[in-house]
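This is query-v5.cif (mmCIF, N, CA and C atoms).
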data_upload
#
loop_
_atom_site.label_atom_id
_atom_site.label_comp_id
_atom_site.auth_asym_id
_atom_site.auth_seq_id
_atom_site.Cartn_x
_atom_site.Cartn_y
_atom_site.Cartn_z
N MET D 30 119.14 99.02 62.08
CA MET D 30 118.71 97.64 62.00
C MET D 30 119.88 96.72 62.33
N LEU D 31 119.54 95.61 62.94
CA LEU D 31 120.53 94.60 63.27
C LEU D 31 120.16 93.30 62.58
N ILE D 32 121.15 92.58 62.14
CA ILE D 32 120.92 91.30 61.49
C ILE D 32 120.38 90.31 62.52
N GLY D 33 119.32 89.61 62.15
CA GLY D 33 118.78 88.58 63.01
C GLY D 33 117.80 89.06 64.06
N ILE D 34 117.57 90.37 64.16
CA ILE D 34 116.61 90.89 65.12
C ILE D 34 115.43 91.47 64.35
N ASP D 35 114.26 90.95 64.65
CA ASP D 35 113.04 91.36 63.97
C ASP D 35 112.86 92.88 64.12
N PRO D 36 112.51 93.59 63.05
CA PRO D 36 112.35 95.04 63.13
C PRO D 36 111.24 95.51 64.07
N VAL D 37 110.35 94.61 64.53
CA VAL D 37 109.36 95.03 65.52
C VAL D 37 109.98 95.26 66.89
N ILE D 38 111.21 94.80 67.07
CA ILE D 38 111.91 94.95 68.34
C ILE D 38 112.68 96.27 68.29
N ASN D 39 112.13 97.30 68.93
CA ASN D 39 112.80 98.60 68.93
C ASN D 39 113.91 98.63 69.98
N PRO D 40 114.78 99.63 69.95
CA PRO D 40 115.91 99.65 70.89
C PRO D 40 115.52 99.58 72.36
N ASP D 41 114.43 100.24 72.75
CA ASP D 41 114.00 100.20 74.15
C ASP D 41 113.56 98.80 74.55
N LEU D 42 112.85 98.12 73.66
CA LEU D 42 112.41 96.76 73.95
C LEU D 42 113.60 95.81 74.00
N LEU D 43 114.52 95.95 73.07
CA LEU D 43 115.72 95.11 73.07
C LEU D 43 116.50 95.29 74.37
N ASP D 44 116.63 96.53 74.83
CA ASP D 44 117.32 96.80 76.09
C ASP D 44 116.60 96.14 77.26
N ALA D 45 115.27 96.24 77.30
CA ALA D 45 114.51 95.63 78.38
C ALA D 45 114.67 94.12 78.38
N LEU D 46 114.57 93.49 77.22
CA LEU D 46 114.72 92.04 77.14
C LEU D 46 116.10 91.61 77.60
N PHE D 47 117.11 92.39 77.26
CA PHE D 47 118.48 92.10 77.68
C PHE D 47 118.62 92.21 79.19
N ARG D 48 118.04 93.25 79.77
CA ARG D 48 118.19 93.51 81.20
C ARG D 48 117.33 92.63 82.10
N MET D 49 116.27 92.06 81.55
CA MET D 49 115.41 91.18 82.35
C MET D 49 116.20 89.97 82.83
N GLY D 50 115.93 89.56 84.07
CA GLY D 50 116.51 88.33 84.58
C GLY D 50 115.49 87.20 84.48
N HIS D 51 115.95 85.98 84.75
CA HIS D 51 115.01 84.86 84.70
C HIS D 51 113.96 85.05 85.79
N GLY D 52 112.73 84.80 85.42
CA GLY D 52 111.61 85.00 86.33
C GLY D 52 110.98 86.37 86.23
N ASP D 53 111.67 87.32 85.59
CA ASP D 53 111.06 88.63 85.37
C ASP D 53 109.95 88.49 84.34
N GLU D 54 108.96 89.38 84.45
CA GLU D 54 107.83 89.34 83.54
C GLU D 54 107.76 90.61 82.71
N ILE D 55 107.33 90.44 81.46
CA ILE D 55 107.08 91.56 80.58
C ILE D 55 105.63 91.44 80.09
N VAL D 56 104.96 92.56 80.03
CA VAL D 56 103.55 92.60 79.66
C VAL D 56 103.43 93.20 78.27
N LEU D 57 102.66 92.54 77.42
CA LEU D 57 102.30 93.11 76.12
C LEU D 57 100.86 93.57 76.26
N GLY D 58 100.68 94.88 76.34
CA GLY D 58 99.37 95.45 76.56
C GLY D 58 98.74 95.91 75.26
N ASP D 59 97.44 95.75 75.18
CA ASP D 59 96.75 96.22 73.98
C ASP D 59 96.71 97.74 73.96
N ALA D 60 96.21 98.30 72.89
CA ALA D 60 96.23 99.76 72.69
C ALA D 60 95.43 100.51 73.75
N PHE D 61 94.55 99.83 74.46
CA PHE D 61 93.69 100.47 75.45
C PHE D 61 94.15 100.21 76.88
N PHE D 62 95.20 99.42 77.05
CA PHE D 62 95.65 99.00 78.38
C PHE D 62 96.21 100.19 79.16
N PRO D 63 95.92 100.28 80.47
CA PRO D 63 96.41 101.40 81.28
C PRO D 63 97.86 101.20 81.73
N GLY D 64 98.76 101.05 80.77
CA GLY D 64 100.16 100.76 81.08
C GLY D 64 100.81 101.76 81.99
N ASP D 65 100.67 103.04 81.69
CA ASP D 65 101.32 104.07 82.50
C ASP D 65 100.75 104.15 83.91
N SER D 66 99.51 103.74 84.09
CA SER D 66 98.90 103.73 85.41
C SER D 66 99.35 102.54 86.25
N CYS D 67 99.83 101.51 85.58
CA CYS D 67 100.15 100.26 86.27
C CYS D 67 101.64 100.01 86.47
N ASN D 68 102.50 100.69 85.72
CA ASN D 68 103.93 100.38 85.78
C ASN D 68 104.71 101.62 85.35
N SER D 69 105.85 101.84 85.97
CA SER D 69 106.64 103.02 85.65
C SER D 69 107.53 102.83 84.41
N LYS D 70 107.71 101.58 83.97
CA LYS D 70 108.54 101.31 82.78
C LYS D 70 107.62 100.91 81.64
N VAL D 71 107.33 101.86 80.75
CA VAL D 71 106.47 101.62 79.60
C VAL D 71 107.27 101.82 78.33
N ILE D 72 107.17 100.84 77.45
CA ILE D 72 107.85 100.87 76.15
C ILE D 72 106.77 100.98 75.08
N ARG D 73 106.94 101.88 74.15
CA ARG D 73 105.95 102.09 73.10
C ARG D 73 106.25 101.19 71.90
N ALA D 74 105.20 100.52 71.43
CA ALA D 74 105.27 99.73 70.20
C ALA D 74 103.96 99.96 69.44
N ASP D 75 103.59 101.23 69.35
CA ASP D 75 102.32 101.61 68.73
C ASP D 75 102.23 101.07 67.30
N GLY D 76 101.05 100.59 66.97
CA GLY D 76 100.80 100.10 65.62
C GLY D 76 101.22 98.66 65.38
N ILE D 77 101.92 98.06 66.32
CA ILE D 77 102.39 96.68 66.15
C ILE D 77 101.46 95.75 66.90
N ARG D 78 101.00 94.72 66.21
CA ARG D 78 100.07 93.76 66.83
C ARG D 78 100.85 92.77 67.70
N ILE D 79 100.18 92.21 68.67
CA ILE D 79 100.84 91.33 69.64
C ILE D 79 101.42 90.07 69.00
N PRO D 80 100.75 89.38 68.08
CA PRO D 80 101.40 88.20 67.49
C PRO D 80 102.76 88.51 66.85
N ALA D 81 102.87 89.66 66.18
CA ALA D 81 104.16 90.04 65.58
C ALA D 81 105.20 90.30 66.65
N LEU D 82 104.82 90.96 67.73
CA LEU D 82 105.75 91.19 68.83
C LEU D 82 106.15 89.89 69.51
N LEU D 83 105.19 89.01 69.73
CA LEU D 83 105.52 87.70 70.31
C LEU D 83 106.56 86.99 69.47
N ASP D 84 106.39 87.03 68.16
CA ASP D 84 107.33 86.36 67.27
C ASP D 84 108.73 86.95 67.42
N GLY D 85 108.82 88.27 67.46
CA GLY D 85 110.12 88.91 67.62
C GLY D 85 110.73 88.64 68.98
N ILE D 86 109.93 88.75 70.03
CA ILE D 86 110.42 88.56 71.39
C ILE D 86 110.85 87.12 71.63
N LEU D 87 110.01 86.17 71.22
CA LEU D 87 110.31 84.77 71.52
C LEU D 87 111.43 84.20 70.66
N SER D 88 111.91 84.97 69.70
CA SER D 88 113.12 84.55 68.98
C SER D 88 114.37 84.99 69.75
N LEU D 89 114.17 85.82 70.78
CA LEU D 89 115.29 86.35 71.56
C LEU D 89 115.36 85.83 72.99
N ILE D 90 114.24 85.43 73.56
CA ILE D 90 114.23 84.91 74.93
C ILE D 90 113.45 83.60 74.97
N ASN D 91 113.70 82.82 76.01
CA ASN D 91 112.88 81.64 76.23
C ASN D 91 111.95 81.89 77.41
N LEU D 92 110.94 81.06 77.52
CA LEU D 92 109.97 81.19 78.60
C LEU D 92 110.40 80.33 79.78
N ASP D 93 110.01 80.75 80.98
CA ASP D 93 110.41 80.08 82.21
C ASP D 93 109.86 78.66 82.26
N SER D 94 110.74 77.69 82.32
CA SER D 94 110.33 76.28 82.37
C SER D 94 110.20 75.77 83.80
N TYR D 95 110.44 76.63 84.78
CA TYR D 95 110.38 76.23 86.18
C TYR D 95 109.09 76.64 86.87
N VAL D 96 108.14 77.18 86.13
CA VAL D 96 106.85 77.57 86.69
C VAL D 96 105.75 76.86 85.92
N PRO D 97 104.60 76.66 86.55
CA PRO D 97 103.52 75.96 85.84
C PRO D 97 102.97 76.73 84.65
N TYR D 98 102.97 78.08 84.73
CA TYR D 98 102.39 78.89 83.67
C TYR D 98 103.29 80.09 83.36
N PRO D 99 104.17 79.99 82.37
CA PRO D 99 105.02 81.13 82.02
C PRO D 99 104.33 82.18 81.15
N VAL D 100 103.09 81.91 80.75
CA VAL D 100 102.31 82.85 79.94
C VAL D 100 100.94 82.99 80.58
N ALA D 101 100.50 84.24 80.75
CA ALA D 101 99.18 84.48 81.36
C ALA D 101 98.41 85.52 80.56
N MET D 102 97.11 85.34 80.55
CA MET D 102 96.20 86.30 79.93
C MET D 102 95.06 86.56 80.90
N MET D 103 94.34 87.66 80.70
CA MET D 103 93.24 88.04 81.55
C MET D 103 91.99 87.22 81.21
N SER D 104 91.31 86.77 82.27
CA SER D 104 90.02 86.12 82.10
C SER D 104 88.96 87.19 81.82
N PRO D 105 87.91 86.82 81.12
CA PRO D 105 86.85 87.81 80.89
C PRO D 105 86.10 88.09 82.19
N VAL D 106 85.63 89.31 82.33
CA VAL D 106 84.77 89.64 83.47
C VAL D 106 83.41 89.00 83.22
N PRO D 107 82.66 88.69 84.30
CA PRO D 107 81.35 88.06 84.12
C PRO D 107 80.48 88.85 83.14
N GLY D 108 79.89 88.11 82.20
CA GLY D 108 79.04 88.72 81.19
C GLY D 108 79.75 88.98 79.87
N ASP D 109 81.08 89.01 79.89
CA ASP D 109 81.86 89.19 78.65
C ASP D 109 82.15 87.84 78.02
N THR D 110 82.46 87.85 76.75
CA THR D 110 82.85 86.64 76.05
C THR D 110 84.24 86.83 75.47
N LEU D 111 84.93 85.73 75.28
CA LEU D 111 86.26 85.74 74.69
C LEU D 111 86.19 85.33 73.23
N ASP D 112 87.03 85.94 72.42
CA ASP D 112 87.25 85.48 71.06
C ASP D 112 88.39 84.47 71.16
N GLU D 113 88.08 83.20 71.04
CA GLU D 113 89.08 82.14 71.22
C GLU D 113 90.19 82.20 70.19
N GLU D 114 89.96 82.88 69.08
CA GLU D 114 90.98 83.00 68.04
C GLU D 114 92.17 83.83 68.52
N VAL D 115 91.95 84.73 69.48
CA VAL D 115 93.04 85.55 70.01
C VAL D 115 94.08 84.66 70.66
N GLU D 116 93.65 83.83 71.62
CA GLU D 116 94.59 82.94 72.29
C GLU D 116 95.21 81.95 71.30
N LYS D 117 94.43 81.46 70.36
CA LYS D 117 94.96 80.53 69.35
C LYS D 117 96.08 81.18 68.54
N SER D 118 95.91 82.45 68.18
CA SER D 118 96.95 83.13 67.39
C SER D 118 98.22 83.32 68.22
N TYR D 119 98.08 83.61 69.51
CA TYR D 119 99.25 83.74 70.38
C TYR D 119 99.92 82.38 70.56
N ARG D 120 99.10 81.37 70.76
CA ARG D 120 99.62 80.02 71.00
C ARG D 120 100.40 79.52 69.79
N ALA D 121 99.95 79.84 68.60
CA ALA D 121 100.66 79.42 67.39
C ALA D 121 102.08 80.00 67.36
N VAL D 122 102.22 81.24 67.77
CA VAL D 122 103.55 81.86 67.81
C VAL D 122 104.39 81.25 68.93
N ILE D 123 103.79 81.04 70.09
CA ILE D 123 104.51 80.42 71.20
C ILE D 123 105.01 79.05 70.79
N ASP D 124 104.14 78.25 70.18
CA ASP D 124 104.51 76.89 69.77
C ASP D 124 105.59 76.88 68.69
N LYS D 125 105.62 77.91 67.87
CA LYS D 125 106.67 78.02 66.84
C LYS D 125 108.05 78.08 67.49
N HIS D 126 108.15 78.81 68.59
CA HIS D 126 109.45 79.00 69.24
C HIS D 126 109.68 78.05 70.41
N TRP D 127 108.67 77.83 71.23
CA TRP D 127 108.81 77.05 72.47
C TRP D 127 107.61 76.09 72.60
N PRO D 128 107.59 75.01 71.78
CA PRO D 128 106.43 74.12 71.72
C PRO D 128 106.11 73.37 73.00
N GLN D 129 107.05 73.28 73.93
CA GLN D 129 106.80 72.56 75.18
C GLN D 129 106.16 73.45 76.25
N THR D 130 105.84 74.70 75.91
CA THR D 130 105.25 75.64 76.86
C THR D 130 103.87 75.14 77.31
N PRO D 131 103.62 75.14 78.62
CA PRO D 131 102.29 74.73 79.11
C PRO D 131 101.19 75.65 78.60
N ALA D 132 99.96 75.25 78.88
CA ALA D 132 98.79 76.04 78.49
C ALA D 132 98.90 77.46 79.05
N ILE D 133 98.24 78.38 78.40
CA ILE D 133 98.22 79.77 78.85
C ILE D 133 97.29 79.86 80.06
N GLU D 134 97.80 80.46 81.12
CA GLU D 134 97.02 80.65 82.34
C GLU D 134 96.05 81.81 82.13
N ARG D 135 94.83 81.67 82.64
CA ARG D 135 93.86 82.77 82.63
C ARG D 135 93.68 83.23 84.08
N ILE D 136 93.86 84.53 84.29
CA ILE D 136 93.73 85.09 85.63
C ILE D 136 92.75 86.26 85.61
N GLY D 137 92.18 86.56 86.76
CA GLY D 137 91.21 87.63 86.88
C GLY D 137 91.81 89.00 86.59
N ARG D 138 90.95 89.92 86.28
CA ARG D 138 91.35 91.28 85.89
C ARG D 138 92.26 91.93 86.94
N PHE D 139 91.86 91.90 88.21
CA PHE D 139 92.63 92.60 89.22
C PHE D 139 93.92 91.86 89.59
N GLU D 140 93.91 90.54 89.51
CA GLU D 140 95.16 89.78 89.67
C GLU D 140 96.12 90.11 88.53
N PHE D 141 95.57 90.25 87.34
CA PHE D 141 96.39 90.63 86.18
C PHE D 141 97.05 91.99 86.44
N TYR D 142 96.25 92.97 86.87
CA TYR D 142 96.80 94.31 87.15
C TYR D 142 97.86 94.27 88.24
N ASP D 143 97.66 93.44 89.27
CA ASP D 143 98.66 93.32 90.34
C ASP D 143 99.99 92.79 89.79
N ARG D 144 99.91 91.83 88.88
CA ARG D 144 101.15 91.30 88.28
C ARG D 144 101.82 92.34 87.39
N VAL D 145 101.02 93.13 86.69
CA VAL D 145 101.57 94.17 85.83
C VAL D 145 102.36 95.17 86.67
N LYS D 146 101.86 95.49 87.85
CA LYS D 146 102.55 96.45 88.73
C LYS D 146 103.94 95.96 89.13
N LYS D 147 104.13 94.64 89.19
CA LYS D 147 105.41 94.04 89.58
C LYS D 147 106.27 93.67 88.37
N ALA D 148 105.72 93.80 87.18
CA ALA D 148 106.43 93.38 85.96
C ALA D 148 107.66 94.25 85.70
N PHE D 149 108.59 93.71 84.96
CA PHE D 149 109.80 94.45 84.59
C PHE D 149 109.44 95.64 83.70
N ALA D 150 108.51 95.42 82.76
CA ALA D 150 108.11 96.49 81.84
C ALA D 150 106.77 96.14 81.21
N VAL D 151 106.13 97.17 80.68
CA VAL D 151 104.90 97.03 79.91
C VAL D 151 105.18 97.56 78.51
N VAL D 152 104.84 96.76 77.52
CA VAL D 152 104.97 97.18 76.13
C VAL D 152 103.57 97.54 75.64
N MET D 153 103.37 98.80 75.28
CA MET D 153 102.09 99.25 74.76
C MET D 153 102.08 99.03 73.25
N THR D 154 101.15 98.22 72.78
CA THR D 154 101.11 97.80 71.39
C THR D 154 99.97 98.48 70.65
N GLY D 155 99.82 98.11 69.41
CA GLY D 155 98.70 98.57 68.61
C GLY D 155 97.58 97.55 68.54
N GLU D 156 97.64 96.54 69.42
CA GLU D 156 96.62 95.49 69.41
C GLU D 156 95.27 96.06 69.81
N THR D 157 94.21 95.65 69.10
CA THR D 157 92.87 96.16 69.38
C THR D 157 91.87 95.07 69.74
N VAL D 158 92.30 93.81 69.82
CA VAL D 158 91.36 92.75 70.18
C VAL D 158 91.04 92.82 71.67
N LYS D 159 89.84 92.41 72.01
CA LYS D 159 89.41 92.40 73.40
C LYS D 159 90.14 91.29 74.16
N TYR D 160 90.59 91.59 75.36
CA TYR D 160 91.34 90.66 76.20
C TYR D 160 92.60 90.15 75.49
N GLY D 161 93.29 91.08 74.85
CA GLY D 161 94.49 90.72 74.10
C GLY D 161 95.78 90.84 74.89
N ASN D 162 95.72 91.33 76.13
CA ASN D 162 96.93 91.52 76.93
C ASN D 162 97.53 90.18 77.34
N VAL D 163 98.85 90.14 77.41
CA VAL D 163 99.53 88.89 77.76
C VAL D 163 100.78 89.19 78.58
N ILE D 164 101.05 88.32 79.54
CA ILE D 164 102.25 88.41 80.37
C ILE D 164 103.16 87.25 80.03
N LEU D 165 104.45 87.54 79.83
CA LEU D 165 105.47 86.53 79.55
C LEU D 165 106.48 86.52 80.69
N LYS D 166 106.83 85.33 81.18
CA LYS D 166 107.84 85.18 82.22
C LYS D 166 109.11 84.63 81.57
N LYS D 167 110.19 85.41 81.66
CA LYS D 167 111.45 85.03 81.01
C LYS D 167 112.10 83.86 81.74
N GLY D 168 112.67 82.97 80.95
CA GLY D 168 113.34 81.80 81.50
C GLY D 168 114.85 81.93 81.54
N VAL D 169 115.48 80.85 81.95
CA VAL D 169 116.94 80.76 82.01
C VAL D 169 117.43 80.18 80.71
N ILE D 170 118.39 80.84 80.10
CA ILE D 170 118.96 80.32 78.86
C ILE D 170 119.87 79.16 79.20
N PRO D 171 119.66 78.00 78.57
CA PRO D 171 120.51 76.85 78.86
C PRO D 171 121.98 77.13 78.52
N VAL D 172 122.86 76.76 79.41
CA VAL D 172 124.30 76.93 79.18
C VAL D 172 124.88 75.56 78.86
N SER D 173 125.64 75.50 77.78
CA SER D 173 126.22 74.21 77.40
C SER D 173 127.67 74.13 77.74
#
Show me the file's structure as structure tokens.
Amino acid sequence: MLIGIDPVINPDLLDALFRMGHGDEIVLGDAFFPGDSCNSKVIRADGIRIPALLDGILSLINLDSYVPYPVAMMSPVPGDTLDEEVEKSYRAVIDKHWPQTPAIERIGRFEFYDRVKKAFAVVMTGETVKYGNVILKKGVIPVS
């Protein structure tokens, strides 16, 4: 354990966050997400829900302020419905750390998968909510 680093951040995730450059994306995939099929860098965070991971991650990195949407989630496929509480719970954590972050972008399923293929890493979580996957784009840390 390290002082000041949330215990949900395992060594592999900490290494990935450190190695990511500004503009790189990291995906938090739910327990059912095809992470290994979409990306060669998969980090396991089994049993950990996405809001807890967001809280740990966003205490260590900032979100990209140079793009319109530094956070993206998958849109529902036609005929499906969204549980709006999922996005609200993510937004509460985002606002805790980075309250100026724009609205969460919603993108189609296959566009989401295409971005996952280009992402720096996929974190496989224990999240079980429908449409719970989220993409975060890392920002530039301000230098004083």
Using backbone DSSP assignments, extract all strand (DSSP E or B) residues from region 68-170 of chain D; output them as a compact mmCIF listing (two decimals) with N, CA and C atoms, in the frame of the given file.
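This is the output file states_8.txt:
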# COMPACT_ATOMS: atom_id res chain seq x y z
N VAL D 71 107.33 101.86 80.75
CA VAL D 71 106.47 101.62 79.60
C VAL D 71 107.27 101.82 78.33
N ILE D 72 107.17 100.84 77.45
CA ILE D 72 107.85 100.87 76.15
C ILE D 72 106.77 100.98 75.08
N ARG D 73 106.94 101.88 74.15
CA ARG D 73 105.95 102.09 73.10
C ARG D 73 106.25 101.19 71.90
N ALA D 74 105.20 100.52 71.43
CA ALA D 74 105.27 99.73 70.20
C ALA D 74 103.96 99.96 69.44
N LEU D 92 110.94 81.06 77.52
CA LEU D 92 109.97 81.19 78.60
C LEU D 92 110.40 80.33 79.78
N VAL D 100 103.09 81.91 80.75
CA VAL D 100 102.31 82.85 79.94
C VAL D 100 100.94 82.99 80.58
N ALA D 101 100.50 84.24 80.75
CA ALA D 101 99.18 84.48 81.36
C ALA D 101 98.41 85.52 80.56
N MET D 102 97.11 85.34 80.55
CA MET D 102 96.20 86.30 79.93
C MET D 102 95.06 86.56 80.90
N MET D 103 94.34 87.66 80.70
CA MET D 103 93.24 88.04 81.55
C MET D 103 91.99 87.22 81.21
N GLU D 134 97.80 80.46 81.12
CA GLU D 134 97.02 80.65 82.34
C GLU D 134 96.05 81.81 82.13
N ARG D 135 94.83 81.67 82.64
CA ARG D 135 93.86 82.77 82.63
C ARG D 135 93.68 83.23 84.08
N ILE D 136 93.86 84.53 84.29
CA ILE D 136 93.73 85.09 85.63
C ILE D 136 92.75 86.26 85.61
N ALA D 150 108.51 95.42 82.76
CA ALA D 150 108.11 96.49 81.84
C ALA D 150 106.77 96.14 81.21
N VAL D 151 106.13 97.17 80.68
CA VAL D 151 104.90 97.03 79.91
C VAL D 151 105.18 97.56 78.51
N VAL D 152 104.84 96.76 77.52
CA VAL D 152 104.97 97.18 76.13
C VAL D 152 103.57 97.54 75.64
N MET D 153 103.37 98.80 75.28
CA MET D 153 102.09 99.25 74.76
C MET D 153 102.08 99.03 73.25
N THR D 154 101.15 98.22 72.78
CA THR D 154 101.11 97.80 71.39
C THR D 154 99.97 98.48 70.65
N VAL D 163 98.85 90.14 77.41
CA VAL D 163 99.53 88.89 77.76
C VAL D 163 100.78 89.19 78.58
N ILE D 164 101.05 88.32 79.54
CA ILE D 164 102.25 88.41 80.37
C ILE D 164 103.16 87.25 80.03
N LEU D 165 104.45 87.54 79.83
CA LEU D 165 105.47 86.53 79.55
C LEU D 165 106.48 86.52 80.69
N LYS D 166 106.83 85.33 81.18
CA LYS D 166 107.84 85.18 82.22
C LYS D 166 109.11 84.63 81.57
N LYS D 167 110.19 85.41 81.66
CA LYS D 167 111.45 85.03 81.01
C LYS D 167 112.10 83.86 81.74
- Task: Name the closest residue to Leu165 (chain D) among the candidates D:Val37, D:Val115, D:Met102, D:Leu31; distances are taken between atoms, counting all atoms listed in the file.
- Result: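 Of all the options, D:Met102 lies closest to Leu165 (chain D).
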Could you work out an axis-aligned bounding box for all listed atoms of region 54-72 of chain D, with 3 Å added on each of the six sides, and give its centre and edge lengths in Å to one decimal, as lines of an AutoDock Vina configuration file?
center_x = 101.3
center_y = 96.7
center_z = 79.6
size_x = 21.3
size_y = 20.8
size_z = 19.8
- Query: Applied to this file, what does the PyMOL selection byres ((chain D and resi 92) around 6.5) return in terms of residues, put as a PyMOL selection string?
  - Reply: chain D and resi 90-91+93-95+99+166-169
- What is the CA of Leu57 (chain D)-CA of Leu83 (chain D) distance in Å, reported with one decimal? 8.6 Å
- Ala148 (chain D) environment, 7 Å, only C-alpha atoms, sequence neighbours closer than 3 positions dropped, as number ranges by chain: D: 53-56, 144-145
- Message: Taking only chain D into account, list the residues labelled helix (DSSP H, G or I) by DSSP (computed from the backbone), as a PyMOL selection string.
- Response: chain D and resi 40-48+64-67+79-87+113-126+138-147
Please produce a file of those selected residues containing N, CA and C atoms, as a short mmCIF file (atom, residue, chain, number, x, y, z; two decimals), in the frame of the given file.
data_model
loop_
_atom_site.label_atom_id
_atom_site.label_comp_id
_atom_site.auth_asym_id
_atom_site.auth_seq_id
_atom_site.Cartn_x
_atom_site.Cartn_y
_atom_site.Cartn_z
N PRO D 40 114.78 99.63 69.95
CA PRO D 40 115.91 99.65 70.89
C PRO D 40 115.52 99.58 72.36
N ASP D 41 114.43 100.24 72.75
CA ASP D 41 114.00 100.20 74.15
C ASP D 41 113.56 98.80 74.55
N LEU D 42 112.85 98.12 73.66
CA LEU D 42 112.41 96.76 73.95
C LEU D 42 113.60 95.81 74.00
N LEU D 43 114.52 95.95 73.07
CA LEU D 43 115.72 95.11 73.07
C LEU D 43 116.50 95.29 74.37
N ASP D 44 116.63 96.53 74.83
CA ASP D 44 117.32 96.80 76.09
C ASP D 44 116.60 96.14 77.26
N ALA D 45 115.27 96.24 77.30
CA ALA D 45 114.51 95.63 78.38
C ALA D 45 114.67 94.12 78.38
N LEU D 46 114.57 93.49 77.22
CA LEU D 46 114.72 92.04 77.14
C LEU D 46 116.10 91.61 77.60
N PHE D 47 117.11 92.39 77.26
CA PHE D 47 118.48 92.10 77.68
C PHE D 47 118.62 92.21 79.19
N ARG D 48 118.04 93.25 79.77
CA ARG D 48 118.19 93.51 81.20
C ARG D 48 117.33 92.63 82.10
N GLY D 64 98.76 101.05 80.77
CA GLY D 64 100.16 100.76 81.08
C GLY D 64 100.81 101.76 81.99
N ASP D 65 100.67 103.04 81.69
CA ASP D 65 101.32 104.07 82.50
C ASP D 65 100.75 104.15 83.91
N SER D 66 99.51 103.74 84.09
CA SER D 66 98.90 103.73 85.41
C SER D 66 99.35 102.54 86.25
N CYS D 67 99.83 101.51 85.58
CA CYS D 67 100.15 100.26 86.27
C CYS D 67 101.64 100.01 86.47
N ILE D 79 100.18 92.21 68.67
CA ILE D 79 100.84 91.33 69.64
C ILE D 79 101.42 90.07 69.00
N PRO D 80 100.75 89.38 68.08
CA PRO D 80 101.40 88.20 67.49
C PRO D 80 102.76 88.51 66.85
N ALA D 81 102.87 89.66 66.18
CA ALA D 81 104.16 90.04 65.58
C ALA D 81 105.20 90.30 66.65
N LEU D 82 104.82 90.96 67.73
CA LEU D 82 105.75 91.19 68.83
C LEU D 82 106.15 89.89 69.51
N LEU D 83 105.19 89.01 69.73
CA LEU D 83 105.52 87.70 70.31
C LEU D 83 106.56 86.99 69.47
N ASP D 84 106.39 87.03 68.16
CA ASP D 84 107.33 86.36 67.27
C ASP D 84 108.73 86.95 67.42
N GLY D 85 108.82 88.27 67.46
CA GLY D 85 110.12 88.91 67.62
C GLY D 85 110.73 88.64 68.98
N ILE D 86 109.93 88.75 70.03
CA ILE D 86 110.42 88.56 71.39
C ILE D 86 110.85 87.12 71.63
N LEU D 87 110.01 86.17 71.22
CA LEU D 87 110.31 84.77 71.52
C LEU D 87 111.43 84.20 70.66
N GLU D 113 88.08 83.20 71.04
CA GLU D 113 89.08 82.14 71.22
C GLU D 113 90.19 82.20 70.19
N GLU D 114 89.96 82.88 69.08
CA GLU D 114 90.98 83.00 68.04
C GLU D 114 92.17 83.83 68.52
N VAL D 115 91.95 84.73 69.48
CA VAL D 115 93.04 85.55 70.01
C VAL D 115 94.08 84.66 70.66
N GLU D 116 93.65 83.83 71.62
CA GLU D 116 94.59 82.94 72.29
C GLU D 116 95.21 81.95 71.30
N LYS D 117 94.43 81.46 70.36
CA LYS D 117 94.96 80.53 69.35
C LYS D 117 96.08 81.18 68.54
N SER D 118 95.91 82.45 68.18
CA SER D 118 96.95 83.13 67.39
C SER D 118 98.22 83.32 68.22
N TYR D 119 98.08 83.61 69.51
CA TYR D 119 99.25 83.74 70.38
C TYR D 119 99.92 82.38 70.56
N ARG D 120 99.10 81.37 70.76
CA ARG D 120 99.62 80.02 71.00
C ARG D 120 100.40 79.52 69.79
N ALA D 121 99.95 79.84 68.60
CA ALA D 121 100.66 79.42 67.39
C ALA D 121 102.08 80.00 67.36
N VAL D 122 102.22 81.24 67.77
CA VAL D 122 103.55 81.86 67.81
C VAL D 122 104.39 81.25 68.93
N ILE D 123 103.79 81.04 70.09
CA ILE D 123 104.51 80.42 71.20
C ILE D 123 105.01 79.05 70.79
N ASP D 124 104.14 78.25 70.18
CA ASP D 124 104.51 76.89 69.77
C ASP D 124 105.59 76.88 68.69
N LYS D 125 105.62 77.91 67.87
CA LYS D 125 106.67 78.02 66.84
C LYS D 125 108.05 78.08 67.49
N HIS D 126 108.15 78.81 68.59
CA HIS D 126 109.45 79.00 69.24
C HIS D 126 109.68 78.05 70.41
N ARG D 138 90.95 89.92 86.28
CA ARG D 138 91.35 91.28 85.89
C ARG D 138 92.26 91.93 86.94
N PHE D 139 91.86 91.90 88.21
CA PHE D 139 92.63 92.60 89.22
C PHE D 139 93.92 91.86 89.59
N GLU D 140 93.91 90.54 89.51
CA GLU D 140 95.16 89.78 89.67
C GLU D 140 96.12 90.11 88.53
N PHE D 141 95.57 90.25 87.34
CA PHE D 141 96.39 90.63 86.18
C PHE D 141 97.05 91.99 86.44
N TYR D 142 96.25 92.97 86.87
CA TYR D 142 96.80 94.31 87.15
C TYR D 142 97.86 94.27 88.24
N ASP D 143 97.66 93.44 89.27
CA ASP D 143 98.66 93.32 90.34
C ASP D 143 99.99 92.79 89.79
N ARG D 144 99.91 91.83 88.88
CA ARG D 144 101.15 91.30 88.28
C ARG D 144 101.82 92.34 87.39
N VAL D 145 101.02 93.13 86.69
CA VAL D 145 101.57 94.17 85.83
C VAL D 145 102.36 95.17 86.67
N LYS D 146 101.86 95.49 87.85
CA LYS D 146 102.55 96.45 88.73
C LYS D 146 103.94 95.96 89.13
N LYS D 147 104.13 94.64 89.19
CA LYS D 147 105.41 94.04 89.58
C LYS D 147 106.27 93.67 88.37
#
- With all atoms listed in the file as the basis for distance, which of D:Leu46, D:Ile164, D:Val151, D:Val71 is at the shortest distance from Tyr98 (chain D)? D:Ile164
- Task: Pull out every residue that the PyMOL selection byres ((chain D and resi 156-161) around 5) matches in the shown coordinates and put them as an MDAnalysis selection string.
- Result: chainID D and resid 59:60 77:79 154:155 162:163
- Query: In terms of the shortest atom-to-atom distance over all atoms listed in the file, which of D:Asp35, D:Phe62, D:Pro80, D:Pro131 is closest to Val96 (chain D)?
  - Reply: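 Selected residue with least distance to Val96 (chain D): D:Pro131.
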